[in-house]
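Engineer: Starting off with a structure, shown below.
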Amino acid sequence: MQLTIDNLTQQFGSVRVLDQLALSTGSISSLVLVGPSGGGKSTLLRILAGLDVPTAGSAQFDGTPLPRDDAGLLSYRRTVATVFQSYNLFPHLSARDNLILPLVHVHGLSREEAAARIAEPLARFQLAEHADKRPAQLSGGQNQRIAILRALVVRPRRLFLDEPTSALDPEMTAEVLDMIEALKGSGTDFVLVTHAMHFARRVADEIAFIGDGGVLAHGTAEQVFNHGDNPRVTAFFDKVLR
Ligand SMILES: Nc1ncnc2c1ncn2[C@@H]1O[C@H](COP(=O)(O)OP(=O)(O)OP(=O)(O)O)[C@@H](O)[C@H]1O
Ligand SMILES: [Mg+2]
């Protein structure tokens, strides 16, 4: 994917959360957004995922601007997938049905086609033995991996992840991060918001540091972590990498 953002502004009431944000990436498969709490990462990710419309400005993936009208946004959202910190699985359904039902009801597959499509990914991520359990019978890490699988089996053009591990214990975090790392090179591009800096370094083709409503640093992990010449960026990394 190649992402270009121009003059992106998002205002809630009198508060300007994103202020003429600009970014132009190379042709990459993963972009990681980092930065201080309240800096605007989730706000930006929601716009890129087609969940919110910015006050002003534009963003383009591979030269195609994000739609602003309802019909355009609806069809855009069907081509991408989003995973949040809280995995939002249906509590009364088995893991298997949580995967199958969106394929049937949103993407028009038959139940048989949907069952066939999820079988291999369930096995690949060691989740087949848990497929008939409901979310309450699964660990947080297992639930989040099901939620990521649910996003993947619709074969999205790209995946948006907002702090997918921040509600998990360290041990469960590792299994979810391994799963995200496996996306690299599998042909699914992603934009990830994370506070896990070592993981960001491992999976990011490029990192954008979001703060004060804009991009305060941007480049490869090495460039952003080691050569930030912005004092806000340096102070942040001094704190979190210590
Ligand atoms: N719908 C909204 N209405 C009003 N203010 C909002 C709304 N959404 C976000 N904000 C404000 O915008 C700012 C940026 O929020 P955002 O959630 O994008 O930050 P973040 O970088 O994701 O932070 P964190 O790391 O804590 O998740 C915050 O001050 C937040 O209170
Ligand atoms: Mg956030």
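Chain labels follow the order of the structure tokens: the first chain is A, the next B, and so on; residue numbering restarts at 1 in every chain, and ligands are counted from 1 in their shown order.
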At a cut-off of 6 Å around ligand 1, and using only C-alpha atoms and all ligand atoms, what residues come up? Please write them as a list of chain:residue names.
Structural biologist: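 Listed by chain and ascending number, the contacts are A:Phe12, A:Val17, A:Pro36, A:Ser37, A:Gly38, A:Gly39, A:Gly40, A:Lys41, A:Ser42, A:Thr43.
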Engineer: Would you output that residue set with C-alpha atoms, as a compact mmCIF listing (two decimals), in the first residue's frame?
Structural biologist:
```txt
# COMPACT_ATOMS: atom_id res chain seq x y z
CA PHE A 12 -14.63 17.70 17.76
CA VAL A 17 -7.52 16.69 17.41
CA PRO A 36 1.56 9.83 23.42
CA SER A 37 -1.89 9.10 24.77
CA GLY A 38 -4.43 11.53 23.40
CA GLY A 39 -2.21 12.42 20.47
CA GLY A 40 -4.75 11.40 17.85
CA LYS A 41 -3.71 7.88 16.78
CA SER A 42 -7.15 6.31 17.13
CA THR A 43 -8.78 9.33 15.54
```
Engineer: Would you mind listing what lies within 12 Å of Thr173 (chain A) as a list in words, with only C-alpha atoms counted and same-chain residues fewer than 5 positions away left out?
Structural biologist: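 Those residues are Gln85, Ser139, Gly140, Gly141, Gln142, Asn143, Gln144, Arg145, Glu163, Pro164, Thr165, Ser166, Ala167, Leu168, Asp178, Met179, Ile180, Thr194, His195, Ala196 and Phe199 of chain A.
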Engineer: Can you tell me which residues surround Glu181 (chain A) at a distance of at most 9 Å, considering only C-alpha atoms, apart from same-chain residues fewer than 5 positions away, and format the answer as an MDAnalysis selection string?
Structural biologist: chainID A and resid 176 199 202:203
Engineer: Now that the selection is made, can you save its residues with N, CA and C atoms as a PDB file, in the first residue's frame?
Structural biologist:
```pdb
ATOM      1  N   VAL A 176      -0.699 -13.052  20.375  1.00  0.00           N
ATOM      2  CA  VAL A 176      -1.390 -12.179  19.414  1.00  0.00           C
ATOM      3  C   VAL A 176      -0.369 -11.468  18.522  1.00  0.00           C
ATOM      4  N   PHE A 199       7.795  -4.326  19.545  1.00  0.00           N
ATOM      5  CA  PHE A 199       7.032  -4.971  18.475  1.00  0.00           C
ATOM      6  C   PHE A 199       6.924  -4.045  17.266  1.00  0.00           C
ATOM      7  N   ARG A 202       9.835  -4.328  15.239  1.00  0.00           N
ATOM      8  CA  ARG A 202       9.957  -5.590  14.523  1.00  0.00           C
ATOM      9  C   ARG A 202       9.087  -5.647  13.271  1.00  0.00           C
ATOM     10  N   VAL A 203       7.880  -5.111  13.338  1.00  0.00           N
ATOM     11  CA  VAL A 203       6.948  -5.319  12.219  1.00  0.00           C
ATOM     12  C   VAL A 203       6.771  -4.115  11.301  1.00  0.00           C
TER      13      VAL A 203
END
```
Engineer: Write out as a ChimeraX atom specification the set of residues from region 187-231 of chain A that DSSP, computed on the backbone, places in alpha helix (DSSP H).
Structural biologist: /A:197-203,221-226,231
Engineer: Residues of the last selection are to be written out with C-alpha atoms, as a PDB file, in the first residue's frame.
Structural biologist:
```pdb
ATOM      1  CA  MET A 197       7.640  -0.324  20.928  1.00  0.00           C
ATOM      2  CA  HIS A 198       9.784  -3.398  20.498  1.00  0.00           C
ATOM      3  CA  PHE A 199       7.032  -4.971  18.475  1.00  0.00           C
ATOM      4  CA  ALA A 200       6.638  -1.800  16.428  1.00  0.00           C
ATOM      5  CA  ARG A 201      10.317  -1.976  15.614  1.00  0.00           C
ATOM      6  CA  ARG A 202       9.957  -5.590  14.523  1.00  0.00           C
ATOM      7  CA  VAL A 203       6.948  -5.319  12.219  1.00  0.00           C
ATOM      8  CA  ALA A 221      11.922   2.266  12.948  1.00  0.00           C
ATOM      9  CA  GLU A 222      15.628   3.072  13.181  1.00  0.00           C
ATOM     10  CA  GLN A 223      15.100   6.567  11.859  1.00  0.00           C
ATOM     11  CA  VAL A 224      12.210   7.337  14.176  1.00  0.00           C
ATOM     12  CA  PHE A 225      13.616   5.719  17.338  1.00  0.00           C
ATOM     13  CA  ASN A 226      17.179   6.930  17.081  1.00  0.00           C
ATOM     14  CA  PRO A 231      12.150  17.147  21.503  1.00  0.00           C
TER      15      PRO A 231
END
```
Engineer: DSSP on the backbone, strand (DSSP E or B) only: what residues of region 67-224 of chain A does that give? Format it as a ChimeraX atom specification.
Structural biologist: /A:80-83,158-162,189-193,206-211,214-219
Engineer: What are the closest atom pairs, with distances in Å to one decimal, for all residues of region 105-170 of chain A lying within 9 Å of region 54-78 of chain A? Consider only C-alpha atoms, order rows by chain and residue number, and present the result as JSON lines.
Structural biologist:
```
{"residue": "A:Val106", "atom": "CA", "partner": "A:Arg78", "partner_atom": "CA", "distance": 8.2}
{"residue": "A:His107", "atom": "CA", "partner": "A:Arg78", "partner_atom": "CA", "distance": 8.2}
{"residue": "A:Val154", "atom": "CA", "partner": "A:Arg78", "partner_atom": "CA", "distance": 8.7}
{"residue": "A:Pro156", "atom": "CA", "partner": "A:Arg78", "partner_atom": "CA", "distance": 7.8}
```
Engineer: Of the candidates A:Leu33, A:Ala147, A:Val153, A:Ala114, which shows the shortest atom-to-atom distance to ligand 2, using only C-alpha atoms and all ligand atoms?
Structural biologist: A:Leu33
Engineer: Tell me, as JSON, numbers by chain, which residues lie within 12 Å of Leu103 (chain A), counting only C-alpha atoms; anything in the same chain fewer than 3 positions away does not count.
Structural biologist: {"A": [78, 96, 97, 98, 99, 100, 106, 107, 108, 109, 110, 111, 112, 113, 114, 115, 116, 117, 118, 149, 150, 151, 152, 153, 154, 155, 156]}
Engineer: Enter the distance from CA of Val193 (chain A) to CA of Leu161 (chain A), in Å, rounded to one decimal.
Structural biologist: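 Result for CA of Val193 (chain A) versus CA of Leu161 (chain A): 6.2 Å, one decimal.
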Engineer: Considering only C-alpha atoms and all ligand atoms, can you say which of A:Asn7, A:Leu18, A:Leu45, A:Gln126 comes closest to ligand 2?
Structural biologist: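 The answer is A:Leu45, which sits nearest to ligand 2.
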Engineer: Using only C-alpha atoms and all ligand atoms, pick whichever of A:Leu8, A:Leu101, A:Leu44, A:Val83 has the shortest atom-to-atom distance to ligand 2.
Structural biologist: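 For ligand 2, the nearest of the given residues is A:Leu44.
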